[in-house]
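Below is one structure, written out as C-alpha coordinates; the observations come after it.
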Amino acid sequence: MSALSIVAGAPGKYISWGVIQISVANLAIIGAMVLLFILALVVPFPTHDEQPEQEGRTQ
Amino acid sequence: MTARTDELTSLETDDPGNWTTRLRGRIEGLVPAGQALPARQPVYVASWIYIFGVLTLTSLVVVIASGCVLALGGVQWWHVSSLGHYVNSVHLWSVELFFGFMVVHLWGKFWMAAWRGKRALTWISGMMLFGISIGTSFTGFLSQSNFSSQWIGAEGKDGINSIGAGAFFNVLNPGQMLLWHVVLLPLGVGLLTLLHIILVRRRGVVPPLDAELEG
(Lines give C-alpha, C1' and ligand atoms only; values in the text may rest on other atoms or scores of the structure.)
Protein backbone atom coordinates (compact mmCIF):
# COMPACT_ATOMS: atom_id res chain seq x y z
CA MET A 1 0.00 0.00 0.00
CA SER A 2 1.49 3.32 -1.03
CA ALA A 3 1.78 6.30 1.28
CA LEU A 4 -0.81 8.14 -0.81
CA SER A 5 -3.44 5.43 -0.38
CA ILE A 6 -2.81 5.42 3.40
CA VAL A 7 -3.48 9.17 3.47
CA ALA A 8 -6.60 8.77 1.32
CA GLY A 9 -7.92 6.00 3.54
CA ALA A 10 -7.41 7.84 6.83
CA PRO A 11 -10.54 9.21 8.54
CA GLY A 12 -10.96 12.96 8.09
CA LYS A 13 -10.68 15.47 10.91
CA TYR A 14 -13.89 17.30 11.70
CA ILE A 15 -14.66 20.60 13.38
CA SER A 16 -17.89 20.76 15.40
CA TRP A 17 -19.51 24.10 16.23
CA GLY A 18 -23.03 23.68 17.57
CA VAL A 19 -25.15 22.14 14.82
CA ILE A 20 -22.42 22.78 12.27
CA GLN A 21 -20.00 19.95 11.58
CA ILE A 22 -17.50 20.25 8.74
CA SER A 23 -14.32 18.46 7.76
CA VAL A 24 -11.08 20.40 7.91
CA ALA A 25 -10.50 19.67 4.20
CA ASN A 26 -13.86 21.13 3.15
CA LEU A 27 -13.38 24.16 5.41
CA ALA A 28 -9.92 24.76 3.91
CA ILE A 29 -11.35 24.59 0.36
CA ILE A 30 -14.15 27.03 1.23
CA GLY A 31 -11.57 29.35 2.82
CA ALA A 32 -9.41 29.16 -0.31
CA MET A 33 -12.42 29.99 -2.50
CA VAL A 34 -13.34 32.99 -0.35
CA LEU A 35 -9.71 34.15 -0.53
CA LEU A 36 -9.76 33.69 -4.32
CA PHE A 37 -12.97 35.75 -4.50
CA ILE A 38 -11.46 38.59 -2.46
CA LEU A 39 -8.25 38.53 -4.52
CA ALA A 40 -10.31 38.68 -7.73
CA LEU A 41 -11.93 41.87 -6.43
CA VAL A 42 -8.81 43.69 -5.23
CA VAL A 43 -5.95 42.53 -7.47
CA PRO A 44 -5.60 44.94 -10.42
CA PHE A 45 -6.25 43.46 -13.85
CA PRO A 46 -3.50 43.99 -16.45
CA THR A 47 -4.76 46.25 -19.22
CA HIS A 48 -3.31 47.55 -22.46
CA ASP A 49 -2.92 51.28 -23.05
CA GLU A 50 -5.62 52.54 -25.41
CA GLN A 51 -4.54 53.80 -28.82
CA PRO A 52 -6.13 57.22 -29.49
CA GLU A 53 -7.52 56.16 -32.89
CA GLN A 54 -9.23 53.09 -31.41
CA GLU A 55 -11.13 54.84 -28.61
CA GLY A 56 -14.11 55.50 -30.85
CA ARG A 57 -14.69 51.77 -31.33
CA THR A 58 -15.32 50.94 -27.69
CA GLN A 59 -18.77 49.59 -26.97
CA MET B 1 -26.32 31.93 -62.85
CA THR B 2 -26.27 35.30 -61.12
CA ALA B 3 -29.79 36.07 -62.29
CA ARG B 4 -30.94 32.72 -60.93
CA THR B 5 -29.31 33.46 -57.55
CA ASP B 6 -30.89 36.91 -57.43
CA GLU B 7 -34.24 35.37 -58.23
CA LEU B 8 -33.91 32.82 -55.41
CA THR B 9 -32.78 35.47 -52.94
CA SER B 10 -35.74 37.63 -53.89
CA LEU B 11 -38.12 34.72 -53.44
CA GLU B 12 -36.68 33.92 -49.99
CA THR B 13 -36.97 37.47 -48.72
CA ASP B 14 -40.46 37.88 -50.14
CA ASP B 15 -41.87 34.69 -48.60
CA PRO B 16 -42.71 35.15 -44.90
CA GLY B 17 -44.17 31.63 -44.81
CA ASN B 18 -40.79 30.04 -45.58
CA TRP B 19 -39.76 28.17 -42.41
CA THR B 20 -36.06 28.24 -43.28
CA THR B 21 -36.11 32.00 -43.81
CA ARG B 22 -37.93 32.55 -40.53
CA LEU B 23 -35.58 30.23 -38.65
CA ARG B 24 -32.56 32.02 -40.14
CA GLY B 25 -34.04 35.34 -39.07
CA ARG B 26 -34.59 34.04 -35.54
CA ILE B 27 -31.02 32.73 -35.30
CA GLU B 28 -29.55 35.95 -36.70
CA GLY B 29 -31.65 37.97 -34.26
CA LEU B 30 -30.54 36.04 -31.17
CA VAL B 31 -27.53 38.29 -30.66
CA PRO B 32 -27.03 41.88 -31.90
CA ALA B 33 -24.77 42.16 -34.93
CA GLY B 34 -21.09 41.87 -33.98
CA GLN B 35 -21.82 40.78 -30.40
CA ALA B 36 -21.54 37.00 -30.81
CA LEU B 37 -17.76 37.11 -30.41
CA PRO B 38 -16.88 40.74 -29.60
CA ALA B 39 -13.22 41.67 -29.67
CA ARG B 40 -13.69 44.59 -27.27
CA GLN B 41 -15.52 44.96 -23.96
CA PRO B 42 -16.53 47.88 -21.72
CA VAL B 43 -13.72 49.16 -19.47
CA TYR B 44 -15.32 47.78 -16.27
CA VAL B 45 -14.86 44.22 -17.58
CA ALA B 46 -11.12 44.66 -16.94
CA SER B 47 -11.38 42.88 -13.56
CA TRP B 48 -10.42 39.39 -12.43
CA ILE B 49 -13.97 38.79 -11.17
CA TYR B 50 -15.16 38.69 -14.78
CA ILE B 51 -12.71 35.87 -15.58
CA PHE B 52 -14.46 33.14 -13.61
CA GLY B 53 -17.31 32.63 -16.08
CA VAL B 54 -14.82 31.89 -18.85
CA LEU B 55 -12.78 29.68 -16.50
CA THR B 56 -15.96 27.72 -15.73
CA LEU B 57 -16.59 27.29 -19.45
CA THR B 58 -12.98 26.21 -20.03
CA SER B 59 -13.25 23.63 -17.24
CA LEU B 60 -16.47 22.32 -18.78
CA VAL B 61 -14.63 21.73 -22.07
CA VAL B 62 -11.99 19.65 -20.22
CA VAL B 63 -14.73 17.80 -18.31
CA ILE B 64 -16.54 16.85 -21.53
CA ALA B 65 -13.33 15.96 -23.40
CA SER B 66 -12.00 13.74 -20.60
CA GLY B 67 -15.46 12.18 -20.22
CA CYS B 68 -15.47 11.30 -23.93
CA VAL B 69 -12.07 9.61 -23.55
CA LEU B 70 -13.38 7.67 -20.52
CA ALA B 71 -16.36 6.57 -22.62
CA LEU B 72 -13.95 5.06 -25.16
CA GLY B 73 -12.42 2.81 -22.51
CA GLY B 74 -15.65 1.99 -20.70
CA VAL B 75 -16.81 2.33 -17.14
CA GLN B 76 -14.35 -0.26 -15.76
CA TRP B 77 -11.33 1.07 -17.67
CA TRP B 78 -9.98 3.28 -14.91
CA HIS B 79 -9.73 0.31 -12.53
CA VAL B 80 -7.40 -1.70 -14.75
CA SER B 81 -5.35 0.85 -16.69
CA SER B 82 -2.91 3.52 -15.48
CA LEU B 83 -3.90 5.65 -18.48
CA GLY B 84 -7.55 5.14 -17.62
CA HIS B 85 -6.83 6.09 -14.01
CA TYR B 86 -5.07 9.26 -15.20
CA VAL B 87 -7.96 10.27 -17.49
CA ASN B 88 -10.42 9.55 -14.66
CA SER B 89 -8.39 11.86 -12.39
CA VAL B 90 -8.38 14.57 -15.09
CA HIS B 91 -12.17 14.17 -15.27
CA LEU B 92 -12.57 14.40 -11.48
CA TRP B 93 -10.28 17.39 -10.94
CA SER B 94 -11.63 19.32 -13.91
CA VAL B 95 -15.07 18.89 -12.32
CA GLU B 96 -13.67 20.17 -8.99
CA LEU B 97 -12.27 23.23 -10.76
CA PHE B 98 -15.53 23.62 -12.73
CA PHE B 99 -17.53 23.87 -9.51
CA GLY B 100 -14.95 26.06 -7.76
CA PHE B 101 -14.89 28.57 -10.63
CA MET B 102 -18.68 28.42 -11.02
CA VAL B 103 -19.28 29.20 -7.33
CA VAL B 104 -16.89 32.20 -7.38
CA HIS B 105 -18.63 33.32 -10.62
CA LEU B 106 -21.98 32.96 -8.80
CA TRP B 107 -20.75 34.96 -5.79
CA GLY B 108 -19.47 37.73 -8.06
CA LYS B 109 -22.71 37.92 -10.04
CA PHE B 110 -24.85 37.82 -6.88
CA TRP B 111 -23.06 40.73 -5.23
CA MET B 112 -23.19 42.82 -8.40
CA ALA B 113 -26.94 41.99 -8.79
CA ALA B 114 -26.34 40.64 -12.26
CA TRP B 115 -30.06 40.21 -12.95
CA ARG B 116 -30.38 43.99 -13.53
CA GLY B 117 -31.14 45.37 -17.00
CA LYS B 118 -33.49 42.62 -18.24
CA ARG B 119 -30.94 39.93 -17.35
CA ALA B 120 -33.29 37.88 -15.13
CA LEU B 121 -33.34 34.96 -17.57
CA THR B 122 -29.54 34.98 -17.67
CA TRP B 123 -29.49 34.68 -13.87
CA ILE B 124 -32.20 31.98 -13.85
CA SER B 125 -30.45 29.92 -16.53
CA GLY B 126 -27.23 30.17 -14.52
CA MET B 127 -28.95 28.93 -11.36
CA MET B 128 -30.53 26.07 -13.34
CA LEU B 129 -27.07 25.23 -14.68
CA PHE B 130 -25.73 25.13 -11.12
CA GLY B 131 -28.51 22.72 -10.08
CA ILE B 132 -28.27 20.39 -13.06
CA SER B 133 -24.46 20.36 -12.76
CA ILE B 134 -24.80 19.10 -9.18
CA GLY B 135 -27.12 16.34 -10.43
CA THR B 136 -24.61 15.43 -13.14
CA SER B 137 -21.77 15.18 -10.64
CA PHE B 138 -23.87 13.06 -8.24
CA THR B 139 -24.64 10.54 -11.01
CA GLY B 140 -20.92 10.55 -11.79
CA PHE B 141 -20.15 9.47 -8.22
CA LEU B 142 -22.75 6.71 -8.71
CA SER B 143 -20.94 5.55 -11.87
CA GLN B 144 -17.54 4.86 -10.30
CA SER B 145 -18.27 1.09 -10.29
CA ASN B 146 -16.68 0.59 -6.87
CA PHE B 147 -17.70 0.29 -3.20
CA SER B 148 -17.90 4.08 -2.90
CA SER B 149 -20.60 4.28 -5.58
CA GLN B 150 -22.49 1.41 -3.90
CA TRP B 151 -22.38 3.19 -0.56
CA ILE B 152 -23.50 6.51 -2.08
CA GLY B 153 -26.36 4.74 -3.91
CA ALA B 154 -27.49 2.99 -0.75
CA GLU B 155 -27.39 6.25 1.21
CA GLY B 156 -29.06 8.27 -1.53
CA LYS B 157 -31.99 5.96 -2.25
CA ASP B 158 -33.89 6.99 0.88
CA GLY B 159 -33.60 10.65 0.03
CA ILE B 160 -34.74 10.07 -3.56
CA ASN B 161 -37.61 7.86 -2.36
CA SER B 162 -38.69 10.50 0.17
CA ILE B 163 -39.39 12.96 -2.67
CA GLY B 164 -41.27 10.30 -4.65
CA ALA B 165 -38.80 10.00 -7.50
CA GLY B 166 -37.37 6.59 -6.64
CA ALA B 167 -39.68 4.73 -9.03
CA PHE B 168 -38.32 6.70 -11.98
CA PHE B 169 -34.80 7.59 -10.83
CA ASN B 170 -33.25 4.55 -9.12
CA VAL B 171 -29.85 5.45 -7.68
CA LEU B 172 -29.24 1.74 -7.01
CA ASN B 173 -29.37 1.07 -10.77
CA PRO B 174 -25.81 1.81 -12.01
CA GLY B 175 -26.81 1.39 -15.68
CA GLN B 176 -29.53 4.02 -15.42
CA MET B 177 -27.27 6.37 -13.46
CA LEU B 178 -24.46 5.97 -16.00
CA LEU B 179 -26.77 6.80 -18.92
CA TRP B 180 -28.15 9.84 -17.09
CA HIS B 181 -24.56 10.89 -16.37
CA VAL B 182 -23.22 10.53 -19.92
CA VAL B 183 -26.29 11.40 -22.04
CA LEU B 184 -29.28 13.16 -20.49
CA LEU B 185 -27.70 15.43 -17.89
CA PRO B 186 -24.72 16.52 -20.05
CA LEU B 187 -27.23 17.31 -22.81
CA GLY B 188 -29.09 19.52 -20.34
CA VAL B 189 -25.86 21.17 -19.19
CA GLY B 190 -24.82 21.77 -22.81
CA LEU B 191 -28.13 23.29 -23.89
CA LEU B 192 -28.39 25.48 -20.79
CA THR B 193 -24.80 26.63 -21.24
CA LEU B 194 -25.59 27.58 -24.85
CA LEU B 195 -28.69 29.49 -23.69
CA HIS B 196 -26.71 31.19 -20.90
CA ILE B 197 -23.96 32.35 -23.28
CA ILE B 198 -26.47 33.58 -25.88
CA LEU B 199 -28.27 35.58 -23.19
CA VAL B 200 -24.98 37.06 -21.94
CA ARG B 201 -24.04 38.07 -25.49
CA ARG B 202 -27.59 39.36 -26.13
CA ARG B 203 -27.78 41.65 -23.10
CA GLY B 204 -24.05 42.26 -22.65
CA VAL B 205 -22.02 41.99 -19.47
CA VAL B 206 -23.74 43.57 -16.49
CA PRO B 207 -22.15 46.89 -15.44
CA PRO B 208 -21.03 47.46 -11.83
CA LEU B 209 -23.67 48.90 -9.46
CA ASP B 210 -21.96 52.29 -9.13
CA ALA B 211 -21.50 52.58 -12.90
CA GLU B 212 -25.24 52.24 -13.44
CA LEU B 213 -26.07 54.71 -10.64
CA GLU B 214 -23.77 57.29 -12.22
CA GLY B 215 -25.42 56.76 -15.61
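Note on naming: chains are A, B, ... as they come in the C-alpha coordinates, residues start from 1 per chain, ligands start from 1 in the order shown.
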Sorted by chain and rising residue number, list the residues of chain A at most 8 Å from chain B (counting only C-alpha atoms), each with its closest atom pair and distance in Å to one decimal, as CSV.
```
residue,atom,partner,partner_atom,distance
A:Met33,CA,B:Val104,CA,7.0
A:Val34,CA,B:Val104,CA,7.9
A:Leu36,CA,B:Val104,CA,7.9
A:Phe37,CA,B:Val104,CA,6.0
A:Ala40,CA,B:Trp48,CA,4.7
A:Leu41,CA,B:Ile49,CA,6.0
A:Val43,CA,B:Trp48,CA,7.4
A:Pro44,CA,B:Ser47,CA,6.9
A:Phe45,CA,B:Ser47,CA,5.2
A:Pro46,CA,B:Ala46,CA,7.7
A:Thr47,CA,B:Ala46,CA,6.9
A:Thr58,CA,B:Arg40,CA,6.6
A:Gln59,CA,B:Pro42,CA,6.0
```
Problem set entry | Atom pair atom CA of B:Met112 / atom CA of B:Val54: separation (Å) | 17.3 Å
Seminar exercise, completed: Taken to one decimal, the atom CA of B:Ser59-atom CA of A:Gly31 distance is 20.9 Å
For this session: DSSP on the backbone, then: every residue of stretch 40-156 of chain B marked helix (DSSP H, G or I), written as a ChimeraX atom specification.
Result: /B:43-45,48-50,52-73,77-80,82-111,120-141,147-156
Exercise. Residues at most 9 Å from A:Val24, counting only C-alpha atoms, excluding those fewer than 4 positions away in the same chain, as a PyMOL selection string?
Worked result: chain A and resi 12-15+28-29
Limited to N, CA and C atoms, could you put the picked residues into a file as a JSON list (two decimals), in the first residue's frame?
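Writing done, so here's selection.json:
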```json
[["chain", "number", "residue", "atom", "x", "y", "z"],
["A", 12, "GLY", "N", -11.16, 11.52, 8.10],
["A", 12, "GLY", "CA", -10.96, 12.96, 8.09],
["A", 12, "GLY", "C", -11.14, 13.57, 9.47],
["A", 13, "LYS", "N", -10.51, 14.73, 9.64],
["A", 13, "LYS", "CA", -10.68, 15.47, 10.91],
["A", 13, "LYS", "C", -11.85, 16.43, 10.75],
["A", 14, "TYR", "N", -12.68, 16.48, 11.77],
["A", 14, "TYR", "CA", -13.89, 17.30, 11.70],
["A", 14, "TYR", "C", -13.88, 18.38, 12.77],
["A", 15, "ILE", "N", -14.49, 19.50, 12.43],
["A", 15, "ILE", "CA", -14.66, 20.60, 13.38],
["A", 15, "ILE", "C", -16.15, 20.68, 13.70],
["A", 28, "ALA", "N", -11.10, 24.15, 4.56],
["A", 28, "ALA", "CA", -9.92, 24.76, 3.91],
["A", 28, "ALA", "C", -10.24, 25.14, 2.47],
["A", 29, "ILE", "N", -11.00, 24.29, 1.75],
["A", 29, "ILE", "CA", -11.35, 24.59, 0.36],
["A", 29, "ILE", "C", -12.27, 25.81, 0.29]]
```
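Computed from the coordinates, the atom CA of B:Val63 to atom CA of B:Glu96 distance equals 9.7 Å.
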For this session: Mind checking which residues fall within 8 Å of B:Thr136, counting only C-alpha atoms, ignoring those fewer than 2 positions away in the same chain, and posting them as a ChimeraX atom specification?
Result: /B:132-134,138-140,180-181,185-186
Exercise. Quick one: residues within 10 Å of stretch 120-126 of chain B, only C-alpha atoms counted, chain neighbours fewer than 5 positions away excluded, as a PyMOL selection string?
Worked result: chain B and resi 102+105-106+109-110+113-115+131-132+192-200+202-203
Write a file of the selected residues as a PDB file, in the first residue's frame, keeping N, CA and C atoms.
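File written: result-v2.pdb
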```
ATOM      1  N   MET B 102     -17.264  28.051 -10.869  1.00  0.00           N
ATOM      2  CA  MET B 102     -18.681  28.418 -11.022  1.00  0.00           C
ATOM      3  C   MET B 102     -19.208  29.097  -9.758  1.00  0.00           C
ATOM      4  N   HIS B 105     -17.860  32.586  -9.600  1.00  0.00           N
ATOM      5  CA  HIS B 105     -18.629  33.322 -10.618  1.00  0.00           C
ATOM      6  C   HIS B 105     -20.009  33.691 -10.061  1.00  0.00           C
ATOM      7  N   LEU B 106     -20.651  32.726  -9.390  1.00  0.00           N
ATOM      8  CA  LEU B 106     -21.977  32.963  -8.799  1.00  0.00           C
ATOM      9  C   LEU B 106     -21.908  34.041  -7.723  1.00  0.00           C
ATOM     10  N   LYS B 109     -21.487  37.447  -9.377  1.00  0.00           N
ATOM     11  CA  LYS B 109     -22.708  37.923 -10.036  1.00  0.00           C
ATOM     12  C   LYS B 109     -23.796  38.259  -9.021  1.00  0.00           C
ATOM     13  N   PHE B 110     -23.844  37.520  -7.911  1.00  0.00           N
ATOM     14  CA  PHE B 110     -24.852  37.819  -6.882  1.00  0.00           C
ATOM     15  C   PHE B 110     -24.601  39.192  -6.271  1.00  0.00           C
ATOM     16  N   ALA B 113     -25.526  42.025  -8.370  1.00  0.00           N
ATOM     17  CA  ALA B 113     -26.938  41.988  -8.786  1.00  0.00           C
ATOM     18  C   ALA B 113     -27.043  41.872 -10.303  1.00  0.00           C
ATOM     19  N   ALA B 114     -26.500  40.776 -10.812  1.00  0.00           N
ATOM     20  CA  ALA B 114     -26.338  40.636 -12.262  1.00  0.00           C
ATOM     21  C   ALA B 114     -27.649  40.422 -13.006  1.00  0.00           C
ATOM     22  N   TRP B 115     -28.764  40.366 -12.282  1.00  0.00           N
ATOM     23  CA  TRP B 115     -30.061  40.209 -12.948  1.00  0.00           C
ATOM     24  C   TRP B 115     -30.633  41.548 -13.393  1.00  0.00           C
ATOM     25  N   GLY B 131     -27.745  23.864 -10.598  1.00  0.00           N
ATOM     26  CA  GLY B 131     -28.509  22.725 -10.081  1.00  0.00           C
ATOM     27  C   GLY B 131     -28.296  21.460 -10.900  1.00  0.00           C
ATOM     28  N   ILE B 132     -28.397  21.576 -12.215  1.00  0.00           N
ATOM     29  CA  ILE B 132     -28.271  20.388 -13.064  1.00  0.00           C
ATOM     30  C   ILE B 132     -26.817  19.888 -13.070  1.00  0.00           C
ATOM     31  N   LEU B 192     -28.258  24.333 -21.692  1.00  0.00           N
ATOM     32  CA  LEU B 192     -28.387  25.478 -20.786  1.00  0.00           C
ATOM     33  C   LEU B 192     -27.175  26.403 -20.896  1.00  0.00           C
ATOM     34  N   THR B 193     -26.001  25.807 -21.071  1.00  0.00           N
ATOM     35  CA  THR B 193     -24.798  26.630 -21.242  1.00  0.00           C
ATOM     36  C   THR B 193     -24.910  27.476 -22.509  1.00  0.00           C
ATOM     37  N   LEU B 194     -25.399  26.850 -23.593  1.00  0.00           N
ATOM     38  CA  LEU B 194     -25.586  27.582 -24.854  1.00  0.00           C
ATOM     39  C   LEU B 194     -26.567  28.738 -24.648  1.00  0.00           C
ATOM     40  N   LEU B 195     -27.696  28.448 -23.972  1.00  0.00           N
ATOM     41  CA  LEU B 195     -28.687  29.490 -23.694  1.00  0.00           C
ATOM     42  C   LEU B 195     -28.083  30.610 -22.854  1.00  0.00           C
ATOM     43  N   HIS B 196     -27.327  30.221 -21.813  1.00  0.00           N
ATOM     44  CA  HIS B 196     -26.715  31.189 -20.901  1.00  0.00           C
ATOM     45  C   HIS B 196     -25.759  32.120 -21.661  1.00  0.00           C
ATOM     46  N   ILE B 197     -24.936  31.544 -22.529  1.00  0.00           N
ATOM     47  CA  ILE B 197     -23.963  32.348 -23.280  1.00  0.00           C
ATOM     48  C   ILE B 197     -24.678  33.266 -24.273  1.00  0.00           C
ATOM     49  N   ILE B 198     -25.710  32.739 -24.946  1.00  0.00           N
ATOM     50  CA  ILE B 198     -26.471  33.575 -25.884  1.00  0.00           C
ATOM     51  C   ILE B 198     -27.089  34.758 -25.150  1.00  0.00           C
ATOM     52  N   LEU B 199     -27.641  34.499 -23.954  1.00  0.00           N
ATOM     53  CA  LEU B 199     -28.267  35.581 -23.186  1.00  0.00           C
ATOM     54  C   LEU B 199     -27.237  36.611 -22.739  1.00  0.00           C
ATOM     55  N   VAL B 200     -26.037  36.126 -22.341  1.00  0.00           N
ATOM     56  CA  VAL B 200     -24.982  37.062 -21.939  1.00  0.00           C
ATOM     57  C   VAL B 200     -24.584  37.929 -23.129  1.00  0.00           C
ATOM     58  N   ARG B 202     -26.424  38.576 -25.691  1.00  0.00           N
ATOM     59  CA  ARG B 202     -27.586  39.358 -26.133  1.00  0.00           C
ATOM     60  C   ARG B 202     -27.733  40.633 -25.315  1.00  0.00           C
ATOM     61  N   ARG B 203     -27.603  40.491 -23.987  1.00  0.00           N
ATOM     62  CA  ARG B 203     -27.782  41.647 -23.101  1.00  0.00           C
ATOM     63  C   ARG B 203     -26.471  42.352 -22.777  1.00  0.00           C
TER      64      ARG B 203
END
```
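Distances to B:Leu178 were evaluated for B:Gly25, B:Pro32, B:Gly74, B:Gly53 using only C-alpha atoms, and the minimum falls at B:Gly74.
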